[in-house]
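Listing of structure-v8.cif; format and content: mmCIF, C-alpha atoms.
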data_coords
loop_
_atom_site.label_atom_id
_atom_site.label_comp_id
_atom_site.auth_asym_id
_atom_site.auth_seq_id
_atom_site.Cartn_x
_atom_site.Cartn_y
_atom_site.Cartn_z
CA MET A 17 10.46 -42.25 -16.87
CA ARG A 18 7.41 -40.56 -15.38
CA GLU A 19 5.20 -38.38 -17.56
CA PRO A 20 5.39 -34.57 -17.23
CA PHE A 21 3.70 -33.04 -14.21
CA GLN A 22 0.32 -31.89 -15.57
CA PRO A 23 -2.20 -32.50 -12.78
CA LEU A 24 -4.83 -30.33 -14.49
CA ARG A 25 -4.73 -32.19 -17.79
CA GLY A 26 -8.31 -32.56 -19.02
CA VAL A 27 -9.49 -29.40 -17.21
CA ARG A 28 -10.87 -26.75 -19.56
CA VAL A 29 -10.54 -23.11 -18.53
CA VAL A 30 -12.31 -20.31 -20.39
CA GLU A 31 -10.59 -17.00 -19.72
CA LEU A 32 -12.16 -13.61 -20.39
CA SER A 33 -9.56 -11.19 -19.08
CA HIS A 34 -6.87 -8.69 -19.99
CA MET A 35 -3.80 -6.94 -18.57
CA ILE A 36 -2.14 -9.05 -15.81
CA MET A 37 -4.21 -10.25 -12.85
CA GLY A 38 -6.71 -12.41 -14.76
CA PRO A 39 -4.25 -13.59 -17.44
CA SER A 40 -1.72 -14.60 -14.79
CA CYS A 41 -4.38 -16.70 -13.06
CA GLY A 42 -5.03 -18.50 -16.35
CA GLN A 43 -1.28 -18.76 -17.00
CA TYR A 44 -0.64 -20.65 -13.76
CA LEU A 45 -3.42 -23.11 -14.56
CA ALA A 46 -1.99 -23.62 -18.06
CA PHE A 47 1.42 -24.42 -16.58
CA LEU A 48 -0.28 -27.12 -14.51
CA GLY A 49 -1.66 -28.74 -17.65
CA ALA A 50 -5.11 -27.14 -18.05
CA GLU A 51 -6.43 -26.25 -21.49
CA VAL A 52 -6.86 -22.47 -21.24
CA ILE A 53 -8.99 -20.83 -23.92
CA LYS A 54 -8.53 -17.08 -24.03
CA VAL A 55 -11.56 -15.27 -25.42
CA GLU A 56 -10.62 -12.03 -27.17
CA PRO A 57 -12.63 -9.38 -29.05
CA PRO A 58 -12.49 -9.61 -32.86
CA GLU A 59 -9.60 -7.12 -32.99
CA GLY A 60 -7.67 -8.99 -30.30
CA ASP A 61 -6.85 -8.20 -26.69
CA LYS A 62 -5.74 -4.56 -26.43
CA THR A 63 -2.90 -5.68 -24.17
CA ARG A 64 -1.25 -7.16 -27.28
CA GLN A 65 -0.64 -3.61 -28.56
CA LEU A 66 1.06 -2.17 -25.49
CA THR A 67 4.60 -0.85 -25.79
CA GLY A 68 7.27 0.28 -23.34
CA MET A 69 6.88 -1.28 -19.91
CA GLY A 70 3.63 -2.84 -21.08
CA ALA A 71 5.26 -4.67 -23.99
CA GLY A 72 5.89 -7.75 -21.89
CA PHE A 73 2.37 -8.04 -20.47
CA PHE A 74 0.73 -10.16 -23.15
CA PRO A 75 3.68 -12.42 -24.04
CA MET A 76 4.53 -13.05 -20.39
CA PHE A 77 1.08 -13.98 -19.11
CA ASN A 78 -0.60 -15.68 -22.07
CA ARG A 79 1.83 -18.44 -22.93
CA GLY A 80 0.45 -21.88 -23.64
CA LYS A 81 -3.15 -20.71 -24.13
CA ARG A 82 -5.52 -21.02 -27.08
CA SER A 83 -7.15 -17.93 -28.59
CA VAL A 84 -10.76 -17.53 -29.72
CA CYS A 85 -12.19 -14.28 -31.05
CA LEU A 86 -15.85 -13.55 -30.27
CA ASP A 87 -17.91 -10.37 -30.44
CA LEU A 88 -19.63 -10.45 -27.05
CA SER A 89 -21.55 -7.28 -27.87
CA SER A 90 -23.65 -9.30 -30.31
CA PRO A 91 -26.31 -11.89 -29.42
CA GLN A 92 -24.61 -14.42 -31.68
CA GLY A 93 -21.24 -13.92 -30.02
CA ARG A 94 -22.76 -14.28 -26.55
CA ALA A 95 -24.60 -17.44 -27.61
CA VAL A 96 -21.37 -19.02 -28.85
CA PHE A 97 -19.61 -17.94 -25.67
CA GLU A 98 -22.26 -19.69 -23.57
CA GLU A 99 -21.80 -22.83 -25.65
CA LEU A 100 -18.11 -22.63 -24.86
CA LEU A 101 -18.81 -22.13 -21.14
CA ALA A 102 -21.00 -25.23 -21.19
CA THR A 103 -17.87 -27.24 -22.00
CA ALA A 104 -15.72 -25.55 -19.35
CA ASP A 105 -14.69 -26.54 -15.84
CA VAL A 106 -13.44 -23.06 -14.91
CA PHE A 107 -14.27 -19.51 -15.97
CA VAL A 108 -11.59 -16.87 -15.26
CA GLU A 109 -12.56 -13.21 -15.66
CA ASN A 110 -11.47 -9.77 -14.51
CA PHE A 111 -14.15 -7.38 -15.72
CA LYS A 112 -16.42 -5.07 -13.73
CA ASP A 113 -19.42 -6.69 -12.08
CA THR A 114 -21.77 -4.38 -13.99
CA SER A 115 -20.21 -5.27 -17.35
CA LEU A 116 -20.61 -8.98 -16.70
CA ALA A 117 -24.20 -8.55 -15.53
CA LYS A 118 -25.12 -6.73 -18.77
CA MET A 119 -23.84 -9.75 -20.71
CA GLY A 120 -25.74 -12.19 -18.49
CA LEU A 121 -22.50 -13.45 -16.98
CA ALA A 122 -23.00 -12.49 -13.34
CA PRO A 123 -21.82 -15.23 -10.97
CA ASP A 124 -25.32 -16.13 -9.71
CA ASP A 125 -26.68 -16.28 -13.27
CA LEU A 126 -23.87 -18.59 -14.36
CA ARG A 127 -24.31 -20.78 -11.29
CA ALA A 128 -27.96 -21.30 -12.19
CA ARG A 129 -27.10 -22.35 -15.76
CA PHE A 130 -23.83 -24.19 -15.09
CA PRO A 131 -23.95 -25.62 -11.54
CA LYS A 132 -20.59 -27.41 -11.88
CA LEU A 133 -18.72 -24.38 -13.22
CA ILE A 134 -15.98 -22.85 -11.04
CA MET A 135 -15.83 -19.09 -11.53
CA ALA A 136 -12.67 -17.17 -10.63
CA SER A 137 -13.45 -13.45 -10.61
CA ASN A 138 -10.30 -11.33 -10.39
CA LYS A 139 -11.43 -7.98 -8.99
CA GLY A 140 -10.00 -4.81 -7.52
CA PHE A 141 -11.73 -5.39 -4.18
CA LEU A 142 -13.67 -8.08 -2.39
CA HIS A 143 -17.27 -7.31 -1.42
CA GLY A 144 -17.60 -4.23 0.78
CA PRO A 145 -17.69 -0.43 0.53
CA TYR A 146 -15.00 -0.34 -2.18
CA GLN A 147 -16.19 -3.26 -4.31
CA ASN A 148 -17.16 -1.10 -7.30
CA ARG A 149 -14.05 1.07 -7.32
CA THR A 150 -11.60 0.90 -10.19
CA ALA A 151 -8.29 -0.54 -9.02
CA MET A 152 -4.86 -1.05 -10.50
CA ASP A 153 -1.67 -2.41 -9.00
CA GLU A 154 -0.35 1.07 -8.24
CA VAL A 155 -3.69 2.18 -6.75
CA VAL A 156 -3.82 -0.62 -4.19
CA GLN A 157 -0.14 -0.26 -3.33
CA MET A 158 -0.80 3.35 -2.39
CA MET A 159 -3.98 2.47 -0.48
CA ALA A 160 -2.70 -0.48 1.51
CA GLY A 161 0.63 1.03 2.56
CA LEU A 162 3.01 -0.98 0.40
CA ALA A 163 4.14 2.13 -1.48
CA TYR A 164 4.70 3.89 1.86
CA MET A 165 6.89 1.01 3.03
CA THR A 166 8.86 0.90 -0.22
CA GLY A 167 9.95 4.53 -0.65
CA PRO A 168 11.58 6.94 1.80
CA SER A 169 9.38 9.22 3.90
CA GLY A 170 7.31 11.53 1.77
CA ARG A 171 8.17 9.62 -1.42
CA PRO A 172 5.92 6.56 -1.65
CA LEU A 173 7.05 4.23 -4.41
CA ARG A 174 5.37 1.25 -6.03
CA VAL A 175 7.46 -1.91 -6.12
CA GLY A 176 9.35 -2.49 -9.35
CA SER A 177 7.06 -5.09 -10.90
CA SER A 178 3.35 -5.92 -11.13
CA ALA A 179 3.79 -8.00 -7.99
CA ASN A 180 0.24 -7.53 -6.69
CA ASP A 181 -1.37 -8.55 -9.96
CA MET A 182 0.78 -11.66 -10.22
CA MET A 183 0.32 -12.70 -6.60
CA ALA A 184 -3.43 -12.09 -6.73
CA GLY A 185 -3.59 -14.24 -9.85
CA LEU A 186 -1.71 -16.92 -7.95
CA PHE A 187 -4.27 -16.81 -5.12
CA GLY A 188 -6.96 -17.20 -7.79
CA ALA A 189 -5.29 -20.27 -9.30
CA PHE A 190 -4.71 -21.70 -5.82
CA ALA A 191 -8.42 -21.33 -5.02
CA VAL A 192 -9.41 -22.85 -8.38
CA VAL A 193 -7.31 -25.95 -7.75
CA ALA A 194 -8.89 -26.29 -4.29
CA ALA A 195 -12.39 -25.88 -5.78
CA LEU A 196 -11.64 -28.54 -8.41
CA MET A 197 -10.64 -30.92 -5.64
CA GLU A 198 -13.83 -30.14 -3.71
CA ARG A 199 -15.97 -30.64 -6.82
CA GLU A 200 -14.74 -34.21 -7.08
CA ARG A 201 -16.67 -34.82 -3.87
CA THR A 202 -19.66 -32.47 -4.20
CA GLN A 203 -20.18 -32.28 -8.00
CA GLU A 204 -20.82 -28.56 -7.51
CA GLY A 205 -18.90 -25.48 -8.59
CA ARG A 206 -17.95 -22.38 -6.65
CA ASN A 207 -17.95 -18.63 -7.25
CA ILE A 208 -14.52 -17.38 -6.21
CA ARG A 209 -13.67 -13.69 -5.93
CA ILE A 210 -10.07 -12.55 -5.61
CA GLY A 211 -9.28 -8.99 -4.44
CA LEU A 212 -6.23 -7.08 -5.67
CA PHE A 213 -6.46 -4.70 -2.71
CA GLU A 214 -6.83 -7.53 -0.24
CA ASN A 215 -3.80 -9.21 -1.78
CA CYS A 216 -1.77 -6.07 -1.14
CA LEU A 217 -3.17 -5.95 2.38
CA PHE A 218 -1.84 -9.46 2.91
CA LEU A 219 1.61 -8.31 1.74
CA VAL A 220 1.78 -5.58 4.39
CA GLY A 221 0.17 -7.74 7.08
CA GLN A 222 3.43 -8.17 9.00
CA HIS A 223 3.64 -4.40 9.52
CA MET A 224 -0.02 -4.20 10.54
CA VAL A 225 0.45 -6.94 13.11
CA GLN A 226 3.53 -5.23 14.53
CA TYR A 227 1.40 -2.14 15.14
CA ASP A 228 -1.48 -4.15 16.61
CA ILE A 229 0.82 -5.99 19.02
CA GLU A 230 3.34 -3.30 19.94
CA GLY A 231 1.69 -0.04 18.92
CA THR A 232 4.73 0.65 16.74
CA ILE A 233 4.42 2.05 13.23
CA SER A 234 7.06 0.56 10.97
CA PRO A 235 9.18 3.16 9.17
CA PRO A 236 9.63 2.80 5.40
CA MET A 237 12.10 0.07 4.49
CA PRO A 238 14.84 2.55 3.41
CA GLU A 239 14.72 3.99 6.95
CA ARG A 240 14.16 0.81 8.95
CA THR A 241 16.01 0.04 12.12
CA PHE A 242 18.59 -2.56 11.18
CA SER A 243 18.40 -5.99 12.75
CA TRP A 244 21.80 -7.03 11.43
CA PRO A 245 25.34 -5.65 11.84
CA VAL A 246 25.92 -5.66 8.07
CA TYR A 247 23.02 -5.58 5.61
CA ASP A 248 24.02 -3.00 3.05
CA ILE A 249 24.94 -2.15 -0.53
CA PHE A 250 28.61 -1.38 -1.21
CA GLU A 251 30.62 -0.28 -4.23
CA THR A 252 33.56 -2.40 -5.37
CA ALA A 253 36.88 -1.31 -6.88
CA ASP A 254 35.59 -1.96 -10.42
CA GLY A 255 32.57 0.32 -9.93
CA LYS A 256 29.99 -2.41 -9.34
CA GLN A 257 27.48 -2.56 -6.53
CA LEU A 258 27.25 -5.53 -4.20
CA PHE A 259 24.78 -6.25 -1.42
CA VAL A 260 26.43 -7.97 1.55
CA GLY A 261 24.80 -9.28 4.71
CA ALA A 262 26.43 -10.53 7.90
CA ILE A 263 23.60 -11.75 10.11
CA THR A 264 25.32 -14.27 12.36
CA SER A 265 28.48 -14.14 14.45
CA GLY A 266 30.01 -16.61 12.01
CA HIS A 267 29.24 -14.32 9.09
CA TRP A 268 30.72 -11.36 10.97
CA ALA A 269 33.96 -13.17 11.78
CA ALA A 270 34.34 -14.53 8.24
CA LEU A 271 33.62 -11.16 6.62
CA CYS A 272 36.16 -9.44 8.86
CA ARG A 273 38.81 -12.03 7.92
CA ILE A 274 38.05 -11.79 4.19
CA LEU A 275 38.35 -7.99 4.26
CA GLY A 276 41.36 -7.85 6.57
CA LEU A 277 39.38 -6.17 9.35
CA GLU A 278 40.76 -8.20 12.23
CA LYS A 279 40.56 -5.17 14.51
CA LEU A 280 36.75 -5.29 14.20
CA ARG A 281 36.60 -9.04 14.73
CA THR A 282 38.61 -8.86 17.94
CA ASP A 283 37.24 -5.58 19.31
CA PRO A 284 35.67 -6.34 22.73
CA GLN A 285 33.17 -3.54 22.16
CA LEU A 286 31.83 -5.55 19.21
CA ALA A 287 31.52 -8.86 21.01
CA THR A 288 27.77 -9.35 20.54
CA SER A 289 25.38 -8.84 17.69
CA MET A 290 23.64 -5.99 19.52
CA ASP A 291 27.02 -4.31 20.09
CA ARG A 292 27.69 -4.46 16.35
CA ILE A 293 24.24 -3.13 15.46
CA ARG A 294 24.60 -0.19 17.86
CA LYS A 295 27.96 0.71 16.35
CA ARG A 296 26.94 0.41 12.69
CA THR A 297 27.71 4.08 12.06
CA GLN A 298 31.34 3.34 12.96
CA THR A 299 31.78 -0.07 11.35
CA ILE A 300 29.92 0.26 8.03
CA PRO A 301 32.30 2.95 6.67
CA GLN A 302 35.21 0.57 7.41
CA PHE A 303 33.50 -2.28 5.56
CA ALA A 304 32.76 0.09 2.67
CA ALA A 305 36.37 1.18 2.43
CA ALA A 306 37.64 -2.41 2.47
CA ILE A 307 35.10 -3.62 -0.11
CA GLY A 308 36.00 -0.62 -2.26
CA GLN A 309 39.48 -2.12 -2.64
CA ARG A 310 38.23 -5.44 -4.06
CA SER A 311 36.83 -6.43 -7.44
CA ALA A 312 33.23 -7.66 -7.47
CA ASN A 313 33.91 -11.12 -8.95
CA GLU A 314 36.86 -11.87 -6.68
CA LEU A 315 34.98 -10.79 -3.57
CA ALA A 316 31.81 -12.64 -4.58
CA ALA A 317 33.74 -15.90 -4.88
CA GLU A 318 35.11 -15.51 -1.36
CA LEU A 319 31.73 -14.55 0.10
CA GLU A 320 30.09 -17.57 -1.49
CA GLY A 321 32.88 -19.82 -0.21
CA HIS A 322 32.11 -18.68 3.33
CA ASP A 323 28.28 -18.90 2.98
CA ILE A 324 27.89 -15.16 3.47
CA PRO A 325 24.71 -13.68 1.92
CA PHE A 326 25.56 -11.44 -1.03
CA ALA A 327 24.12 -10.33 -4.35
CA PRO A 328 25.20 -8.19 -7.28
CA ILE A 329 22.79 -5.35 -8.01
CA ASN A 330 21.35 -6.39 -11.36
CA LYS A 331 18.84 -5.12 -13.88
CA PRO A 332 16.15 -7.56 -15.07
CA ALA A 333 17.83 -7.67 -18.50
CA ASP A 334 21.03 -8.91 -16.83
CA MET A 335 19.23 -12.15 -16.01
CA TYR A 336 19.64 -13.36 -19.58
CA ASP A 337 23.39 -13.62 -18.91
CA ASP A 338 23.11 -15.20 -15.45
CA GLU A 339 24.53 -18.72 -15.29
CA HIS A 340 21.87 -19.97 -12.86
CA VAL A 341 19.01 -18.52 -14.88
CA ASN A 342 20.46 -20.25 -17.95
CA ARG A 343 20.55 -23.69 -16.34
CA PRO A 344 18.32 -26.29 -18.05
CA GLY A 345 14.72 -25.25 -17.45
CA GLY A 346 15.63 -21.83 -16.08
CA LEU A 347 14.04 -20.02 -18.99
CA ILE A 348 11.13 -21.22 -21.13
CA THR A 349 11.26 -20.61 -24.86
CA THR A 350 7.95 -19.49 -26.33
CA HIS A 351 7.13 -19.55 -30.04
CA MET A 352 5.13 -16.66 -31.50
CA ASP A 353 2.82 -16.91 -34.51
CA ASN A 354 5.23 -14.75 -36.55
CA GLY A 355 7.98 -17.34 -36.19
CA LYS A 356 9.94 -15.45 -33.56
CA THR A 357 10.75 -16.78 -30.10
CA TYR A 358 11.42 -15.24 -26.71
CA ARG A 359 12.62 -16.54 -23.36
CA ALA A 360 10.80 -15.93 -20.09
CA PRO A 361 10.76 -17.43 -16.59
CA GLY A 362 8.33 -20.20 -15.77
CA LEU A 363 6.81 -20.96 -12.41
CA PRO A 364 9.45 -21.15 -9.65
CA ILE A 365 8.76 -24.84 -9.09
CA GLU A 366 10.52 -28.12 -9.74
CA VAL A 367 8.69 -31.44 -9.50
CA ASP A 368 10.87 -34.54 -9.11
CA GLY A 369 13.82 -32.34 -10.02
CA ALA A 370 12.31 -31.09 -13.28
CA PRO A 371 10.71 -27.74 -14.27
CA LEU A 372 7.02 -27.67 -15.18
CA ALA A 373 7.52 -26.87 -18.87
CA ASP A 374 10.30 -26.01 -21.28
CA ASP A 375 8.52 -25.03 -24.50
CA ASN A 376 5.16 -23.47 -25.37
CA ILE A 377 3.27 -21.26 -27.79
CA LEU A 378 1.89 -17.71 -27.64
CA PRO A 379 -1.35 -17.82 -29.64
CA GLY A 380 -2.00 -15.43 -32.50
CA VAL A 381 -5.24 -13.44 -32.43
CA GLY A 382 -8.06 -15.94 -32.83
CA ALA A 383 -5.68 -18.72 -33.86
CA ASP A 384 -7.95 -21.42 -32.46
CA THR A 385 -11.35 -19.92 -33.27
CA GLU A 386 -12.14 -22.12 -36.25
CA ALA A 387 -11.11 -25.39 -34.60
CA LEU A 388 -12.87 -24.71 -31.33
CA LEU A 389 -16.10 -23.49 -32.90
CA ALA A 390 -16.14 -26.47 -35.24
CA ALA A 391 -15.79 -28.73 -32.22
CA LEU A 392 -18.73 -26.97 -30.54
CA ARG A 393 -20.88 -27.53 -33.61
CA THR A 394 -20.07 -31.22 -33.75
CA LYS A 395 -19.82 -31.60 -29.95
CA ALA A 396 -16.53 -33.35 -30.63
CA PRO A 397 -13.26 -32.87 -28.72
CA SER A 398 -11.08 -30.17 -30.25
#

Go ahead and express the file in the form of structure tokens.
Amino acid sequence: MREPFQPLRGVRVVELSHMIMGPSCGQYLAFLGAEVIKVEPPEGDKTRQLTGMGAGFFPMFNRGKRSVCLDLSSPQGRAVFEELLATADVFVENFKDTSLAKMGLAPDDLRARFPKLIMASNKGFLHGPYQNRTAMDEVVQMMAGLAYMTGPSGRPLRVGSSANDMMAGLFGAFAVVAALMERERTQEGRNIRIGLFENCLFLVGQHMVQYDIEGTISPPMPERTFSWPVYDIFETADGKQLFVGAITSGHWAALCRILGLEKLRTDPQLATSMDRIRKRTQTIPQFAAAIGQRSANELAAELEGHDIPFAPINKPADMYDDEHVNRPGGLITTHMDNGKTYRAPGLPIEVDGAPLADDNILPGVGADTEALLAALRTKAPS
């Protein structure tokens, strides 16, 4: 039996970050086997104290890391931090450039002292006119047009998760892995900067390119011109909502048969996909009425049997009861320092048919400070 997939085993990452973008970058590297040391202030990362929608930030994005508490406002704390950096392969941070410079941690300064160090700076913007602006996920979604595309006209809406932060962190981890590969050849590190705004720009790139090629401005997604005859949300007889898509002629024919709408399947005015799209205002009410006579579970079984795209409209909390999510490896159990556990998704990857991890630890505040600092003093592995 092959050993677990941990290609970054032996790589030490020092992470000085909070909220989501930087911690997610470190999280991905930890899942790949890196030792990720999270440096927190003496009182702990403020993200630990968030409630409401922020309650999941720290436990979701700091699994499998080690925690060290240092007071970086003091000369002693900064000296110990530099000792720690001297043992690191990668430094992940998401603080303002000016804040880092005051602590002597600007990228050029670190490159001079630690030429093999790879620095992953998770920022609001890449270098340019906006590089010193404060950015958050919602800010860049509004700026780049993602919020415009998500809500109806006049009601821009952010997407329903911290998608930009997480994806930007993924780009950071992706670049770190590439830089580690390059360092094997060059023996030199890199200063990598990841932009939250530029990540969001990448997400709306398809709409930008449409405009550049055709001169057409995409309408918001709720008002888009449909490319499929059926691509809608319907209500079932038991009051549940079901998304159903019929995007091929085979789907159309099968859906009509399942719902007893043979008149639509055989209508010569609906012979082609474009015919069906043009007549959506006439056909969709008929599909809605037929679906409204069926229970969600019964209809879902038939749709799946005919390979028709469908989905129940779920809340995130519903995923804990989903049979696919609860397959082996679908959720990772994390142990907290208070003895409690929680379940959360891991990376959406299988290697040789197996998930990347199935059990890990969320560190308590400064849980590893003593061991790691003792190792620094003795220069011994911790």

**atom CA of A:Ala102 to atom CA of A:Ala195, straight-line distance in Å** =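 Spanning atom CA of A:Ala195 to atom CA of A:Ala102 is a straight-line distance of 17.7 Å.
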
**Ground truth for the PyMOL selection byres ((chain A and resi 95-98) around 12), written as a VMD selection string** = chain A and resid 30 to 32 53 to 57 84 to 94 99 to 104 107 119 to 121 125 to 126 129 to 130 133 385 388 to 393

Could you turn the residues from that selection into a file that holds C-alpha atoms, as a PDB file, in the frame of the given file?
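The result, written out as result00.pdb:
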ATOM      1  CA  VAL A  30     -12.310 -20.310 -20.390  1.00  0.00           C
ATOM      2  CA  GLU A  31     -10.590 -17.000 -19.720  1.00  0.00           C
ATOM      3  CA  LEU A  32     -12.160 -13.610 -20.390  1.00  0.00           C
ATOM      4  CA  ILE A  53      -8.990 -20.830 -23.920  1.00  0.00           C
ATOM      5  CA  LYS A  54      -8.530 -17.080 -24.030  1.00  0.00           C
ATOM      6  CA  VAL A  55     -11.560 -15.270 -25.420  1.00  0.00           C
ATOM      7  CA  GLU A  56     -10.620 -12.030 -27.170  1.00  0.00           C
ATOM      8  CA  PRO A  57     -12.630  -9.380 -29.050  1.00  0.00           C
ATOM      9  CA  VAL A  84     -10.760 -17.530 -29.720  1.00  0.00           C
ATOM     10  CA  CYS A  85     -12.190 -14.280 -31.050  1.00  0.00           C
ATOM     11  CA  LEU A  86     -15.850 -13.550 -30.270  1.00  0.00           C
ATOM     12  CA  ASP A  87     -17.910 -10.370 -30.440  1.00  0.00           C
ATOM     13  CA  LEU A  88     -19.630 -10.450 -27.050  1.00  0.00           C
ATOM     14  CA  SER A  89     -21.550  -7.280 -27.870  1.00  0.00           C
ATOM     15  CA  SER A  90     -23.650  -9.300 -30.310  1.00  0.00           C
ATOM     16  CA  PRO A  91     -26.310 -11.890 -29.420  1.00  0.00           C
ATOM     17  CA  GLN A  92     -24.610 -14.420 -31.680  1.00  0.00           C
ATOM     18  CA  GLY A  93     -21.240 -13.920 -30.020  1.00  0.00           C
ATOM     19  CA  ARG A  94     -22.760 -14.280 -26.550  1.00  0.00           C
ATOM     20  CA  GLU A  99     -21.800 -22.830 -25.650  1.00  0.00           C
ATOM     21  CA  LEU A 100     -18.110 -22.630 -24.860  1.00  0.00           C
ATOM     22  CA  LEU A 101     -18.810 -22.130 -21.140  1.00  0.00           C
ATOM     23  CA  ALA A 102     -21.000 -25.230 -21.190  1.00  0.00           C
ATOM     24  CA  THR A 103     -17.870 -27.240 -22.000  1.00  0.00           C
ATOM     25  CA  ALA A 104     -15.720 -25.550 -19.350  1.00  0.00           C
ATOM     26  CA  PHE A 107     -14.270 -19.510 -15.970  1.00  0.00           C
ATOM     27  CA  MET A 119     -23.840  -9.750 -20.710  1.00  0.00           C
ATOM     28  CA  GLY A 120     -25.740 -12.190 -18.490  1.00  0.00           C
ATOM     29  CA  LEU A 121     -22.500 -13.450 -16.980  1.00  0.00           C
ATOM     30  CA  ASP A 125     -26.680 -16.280 -13.270  1.00  0.00           C
ATOM     31  CA  LEU A 126     -23.870 -18.590 -14.360  1.00  0.00           C
ATOM     32  CA  ARG A 129     -27.100 -22.350 -15.760  1.00  0.00           C
ATOM     33  CA  PHE A 130     -23.830 -24.190 -15.090  1.00  0.00           C
ATOM     34  CA  LEU A 133     -18.720 -24.380 -13.220  1.00  0.00           C
ATOM     35  CA  THR A 385     -11.350 -19.920 -33.270  1.00  0.00           C
ATOM     36  CA  LEU A 388     -12.870 -24.710 -31.330  1.00  0.00           C
ATOM     37  CA  LEU A 389     -16.100 -23.490 -32.900  1.00  0.00           C
ATOM     38  CA  ALA A 390     -16.140 -26.470 -35.240  1.00  0.00           C
ATOM     39  CA  ALA A 391     -15.790 -28.730 -32.220  1.00  0.00           C
ATOM     40  CA  LEU A 392     -18.730 -26.970 -30.540  1.00  0.00           C
ATOM     41  CA  ARG A 393     -20.880 -27.530 -33.610  1.00  0.00           C
TER      42      ARG A 393
END

**Message:** Set the distance at 6 Å and use all atoms listed in the file: which residues neighbour A:Leu48 once local chain neighbours fewer than 3 positions away are removed? I'd like the list as a list in words.
**Reply:**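 The neighbour list is Gln22, Pro23, Leu24 and Leu45 of chain A.
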
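In this model, the gap between atom CA of A:Cys41 and atom CA of A:Ala189 comes to 5.3 Å.
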
Report, as JSON, the centre and edge lengths in Å (one decimal) of the axis-aligned box enclosing every listed atom of stretch 101-116 of chain A, padded by 8 Å on each side.
{"center_x": -16.6, "center_y": -15.8, "center_z": -17.0, "size_x": 26.3, "size_y": 38.9, "size_z": 25.9}

**Message:** For a quick check of understanding, using only C-alpha atoms, which of A:Gly72, A:Pro371, A:Gly355, A:Gly205 has the smallest distance to A:Ile134?
**Reply:**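 For A:Ile134, the nearest of the candidates is A:Gly205.
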